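Student: Below is the structure I would like to discuss, written out as structure tokens.
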Amino acid sequence: MANHTNHATHEQHDEHGGHGSIKAYVTGFLLSIVLTIIPLVAVMNDMFSKQATTVLILVMAILQFGVQLLFFMHIRDEKKPRFNLIALIFGLIIMLTIVAGSIWIMTYNQVAA
């Protein structure tokens, strides 16, 4: 009886945007490890110029963000309208505006003398 209840609960959970498979989690984990090791090796071995290393780190961070969203946050598995995705995009726009504005202010701030 307990097995039947657990099985029914599991099926119901899958219908409402359940968790991914073990294969998806392992794939996401391995991709996360690789995307972390690549910039680490590049920095530790001083393989590229400063600008190229910075670009590599930023690209790997963006890819890491995508892996986290797809494999662990299940952003692609939603069956309902993508309210979470819209909220995420809005949050990213706000964050980029704040970061770009801060960099702008720090770069071009001139104190009147």
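Residue numbering restarts at 1 in every chain; chains get A, B, ... in the order shown in the structure tokens, and ligands count up from 1 in that same order.
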Based on DSSP run over this structure's backbone, return all residues of range 49-90 of chain A in helix (DSSP H, G or I), as a PyMOL selection string.
Tutor: chain A and resi 50-72+75-77+83-90
Student: For range 85-98 of chain A, find every residue with an atom within 12 Å (counting only C-alpha atoms), except residues of its own chain fewer than 6 positions away, and show them as a list in words.
Tutor: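 Counting only C-alpha atoms, the residues come to Ile62, Phe65, Leu69, Leu70, Met73, His74, Ile75, Arg76, Asp77, Glu78, Trp104 and Ile105 of chain A.
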Student: Generate the output file for the selected residues, all heavy atoms, as an mmCIF file, in the first residue's frame.
Tutor:
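Output below, filename result-v4.cif:
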```cif
data_model
loop_
_atom_site.group_PDB
_atom_site.id
_atom_site.type_symbol
_atom_site.label_atom_id
_atom_site.label_comp_id
_atom_site.auth_asym_id
_atom_site.auth_seq_id
_atom_site.Cartn_x
_atom_site.Cartn_y
_atom_site.Cartn_z
ATOM 1 N N ILE A 62 29.055 32.431 -18.352
ATOM 2 C CA ILE A 62 27.758 32.468 -19.043
ATOM 3 C C ILE A 62 27.292 31.058 -19.382
ATOM 4 O O ILE A 62 26.112 30.710 -19.185
ATOM 5 C CB ILE A 62 27.848 33.361 -20.297
ATOM 6 C CG1 ILE A 62 28.026 34.817 -19.880
ATOM 7 C CG2 ILE A 62 26.618 33.188 -21.180
ATOM 8 C CD1 ILE A 62 28.410 35.744 -21.013
ATOM 9 N N PHE A 65 26.098 29.412 -16.246
ATOM 10 C CA PHE A 65 24.765 29.916 -15.920
ATOM 11 C C PHE A 65 23.708 29.157 -16.728
ATOM 12 O O PHE A 65 22.678 28.738 -16.193
ATOM 13 C CB PHE A 65 24.719 31.418 -16.208
ATOM 14 C CG PHE A 65 23.409 32.069 -15.901
ATOM 15 C CD1 PHE A 65 22.982 32.224 -14.596
ATOM 16 C CD2 PHE A 65 22.606 32.539 -16.922
ATOM 17 C CE1 PHE A 65 21.774 32.836 -14.309
ATOM 18 C CE2 PHE A 65 21.400 33.143 -16.648
ATOM 19 C CZ PHE A 65 20.985 33.295 -15.341
ATOM 20 N N LEU A 69 20.701 26.649 -15.333
ATOM 21 C CA LEU A 69 19.282 26.860 -15.644
ATOM 22 C C LEU A 69 18.659 25.642 -16.313
ATOM 23 O O LEU A 69 17.546 25.246 -15.983
ATOM 24 C CB LEU A 69 19.114 28.073 -16.555
ATOM 25 C CG LEU A 69 19.268 29.435 -15.904
ATOM 26 C CD1 LEU A 69 19.157 30.521 -16.969
ATOM 27 C CD2 LEU A 69 18.226 29.646 -14.834
ATOM 28 N N LEU A 70 19.348 25.063 -17.265
ATOM 29 C CA LEU A 70 18.766 23.970 -18.036
ATOM 30 C C LEU A 70 18.731 22.651 -17.275
ATOM 31 O O LEU A 70 17.731 21.936 -17.302
ATOM 32 C CB LEU A 70 19.536 23.790 -19.343
ATOM 33 C CG LEU A 70 19.414 24.938 -20.334
ATOM 34 C CD1 LEU A 70 20.307 24.696 -21.541
ATOM 35 C CD2 LEU A 70 17.982 25.136 -20.758
ATOM 36 N N MET A 73 17.706 23.894 -12.766
ATOM 37 C CA MET A 73 16.518 24.704 -12.503
ATOM 38 C C MET A 73 15.351 24.294 -13.415
ATOM 39 O O MET A 73 14.253 24.789 -13.260
ATOM 40 C CB MET A 73 16.827 26.187 -12.699
ATOM 41 C CG MET A 73 17.921 26.713 -11.785
ATOM 42 S SD MET A 73 17.542 26.545 -10.052
ATOM 43 C CE MET A 73 16.258 27.728 -9.891
ATOM 44 N N HIS A 74 15.605 23.428 -14.371
ATOM 45 C CA HIS A 74 14.583 22.872 -15.271
ATOM 46 C C HIS A 74 13.797 23.957 -15.996
ATOM 47 O O HIS A 74 12.583 23.866 -16.150
ATOM 48 C CB HIS A 74 13.625 21.965 -14.507
ATOM 49 C CG HIS A 74 14.319 20.926 -13.687
ATOM 50 N ND1 HIS A 74 14.997 19.874 -14.254
ATOM 51 C CD2 HIS A 74 14.472 20.798 -12.350
ATOM 52 C CE1 HIS A 74 15.520 19.127 -13.297
ATOM 53 N NE2 HIS A 74 15.213 19.676 -12.127
ATOM 54 N N ILE A 75 14.479 24.986 -16.458
ATOM 55 C CA ILE A 75 13.796 26.108 -17.112
ATOM 56 C C ILE A 75 13.145 25.671 -18.427
ATOM 57 O O ILE A 75 12.144 26.212 -18.833
ATOM 58 C CB ILE A 75 14.778 27.284 -17.301
ATOM 59 C CG1 ILE A 75 14.061 28.622 -17.225
ATOM 60 C CG2 ILE A 75 15.495 27.228 -18.618
ATOM 61 C CD1 ILE A 75 13.702 29.071 -15.898
ATOM 62 N N ARG A 76 13.694 24.650 -19.069
ATOM 63 C CA ARG A 76 13.141 24.205 -20.353
ATOM 64 C C ARG A 76 12.004 23.206 -20.181
ATOM 65 O O ARG A 76 11.319 22.872 -21.142
ATOM 66 C CB ARG A 76 14.241 23.582 -21.203
ATOM 67 C CG ARG A 76 14.775 22.314 -20.596
ATOM 68 C CD ARG A 76 15.842 21.667 -21.401
ATOM 69 N NE ARG A 76 16.401 20.591 -20.587
ATOM 70 C CZ ARG A 76 17.469 19.955 -20.850
ATOM 71 N NH1 ARG A 76 18.140 20.241 -21.923
ATOM 72 N NH2 ARG A 76 17.897 19.008 -20.061
ATOM 73 N N ASP A 77 11.789 22.703 -18.971
ATOM 74 C CA ASP A 77 10.807 21.648 -18.746
ATOM 75 C C ASP A 77 9.431 22.165 -18.363
ATOM 76 O O ASP A 77 8.545 21.382 -18.076
ATOM 77 C CB ASP A 77 11.298 20.699 -17.637
ATOM 78 C CG ASP A 77 12.557 19.961 -18.041
ATOM 79 O OD1 ASP A 77 12.817 19.874 -19.258
ATOM 80 O OD2 ASP A 77 13.272 19.482 -17.148
ATOM 81 N N GLU A 78 9.255 23.480 -18.341
ATOM 82 C CA GLU A 78 7.963 24.035 -17.929
ATOM 83 C C GLU A 78 6.896 23.762 -18.978
ATOM 84 O O GLU A 78 7.143 23.857 -20.169
ATOM 85 C CB GLU A 78 8.079 25.541 -17.721
ATOM 86 C CG GLU A 78 8.954 25.936 -16.567
ATOM 87 C CD GLU A 78 9.006 27.438 -16.411
ATOM 88 O OE1 GLU A 78 8.262 28.139 -17.103
ATOM 89 O OE2 GLU A 78 9.799 27.901 -15.600
ATOM 90 N N TRP A 104 30.151 52.617 -15.577
ATOM 91 C CA TRP A 104 30.141 53.937 -16.213
ATOM 92 C C TRP A 104 30.500 55.036 -15.215
ATOM 93 O O TRP A 104 31.343 55.885 -15.480
ATOM 94 C CB TRP A 104 28.766 54.196 -16.822
ATOM 95 C CG TRP A 104 28.632 55.545 -17.453
ATOM 96 C CD1 TRP A 104 28.328 56.723 -16.833
ATOM 97 C CD2 TRP A 104 28.822 55.866 -18.816
ATOM 98 N NE1 TRP A 104 28.299 57.736 -17.735
ATOM 99 C CE2 TRP A 104 28.607 57.244 -18.978
ATOM 100 C CE3 TRP A 104 29.133 55.114 -19.940
ATOM 101 C CZ2 TRP A 104 28.700 57.881 -20.196
ATOM 102 C CZ3 TRP A 104 29.231 55.751 -21.156
ATOM 103 C CH2 TRP A 104 29.014 57.116 -21.279
ATOM 104 N N ILE A 105 29.859 54.992 -14.058
ATOM 105 C CA ILE A 105 30.120 56.009 -13.036
ATOM 106 C C ILE A 105 31.566 55.933 -12.543
ATOM 107 O O ILE A 105 32.238 56.952 -12.401
ATOM 108 C CB ILE A 105 29.130 55.860 -11.860
ATOM 109 C CG1 ILE A 105 27.737 56.285 -12.318
ATOM 110 C CG2 ILE A 105 29.570 56.668 -10.652
ATOM 111 C CD1 ILE A 105 26.634 55.954 -11.336
#
```
Student: In Å, how far is it from CA of Tyr25 in chain A to CA of Val41 in chain A?
Tutor: 24.2 Å
Student: Provide the CA of Phe72 in chain A to CA of Met44 in chain A distance in Å, to one decimal place.
Tutor: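 Rounded to one decimal, the two atoms are 28.6 Å apart.
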Student: For CA of Gly66 in chain A and CA of Val26 in chain A, determine how far apart the two atoms are, in Å to one decimal place.
Tutor: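 Taking CA of Gly66 in chain A and CA of Val26 in chain A, their separation equals 15.4 Å.
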Student: Using only C-alpha atoms for the distances, tell me which of A:Ala61, A:Ile22, A:Val67, A:Ala100 is nearest to Thr36 in chain A.
Tutor: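 So, comparing all the options, the nearest one is A:Ala61.
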Student: Could you tell me which of A:Met47, A:Leu58, A:Ala52, A:Leu63 comes closest to Leu35 in chain A if we count only C-alpha atoms?
Tutor: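 The answer is A:Leu63, which sits nearest to Leu35 in chain A.
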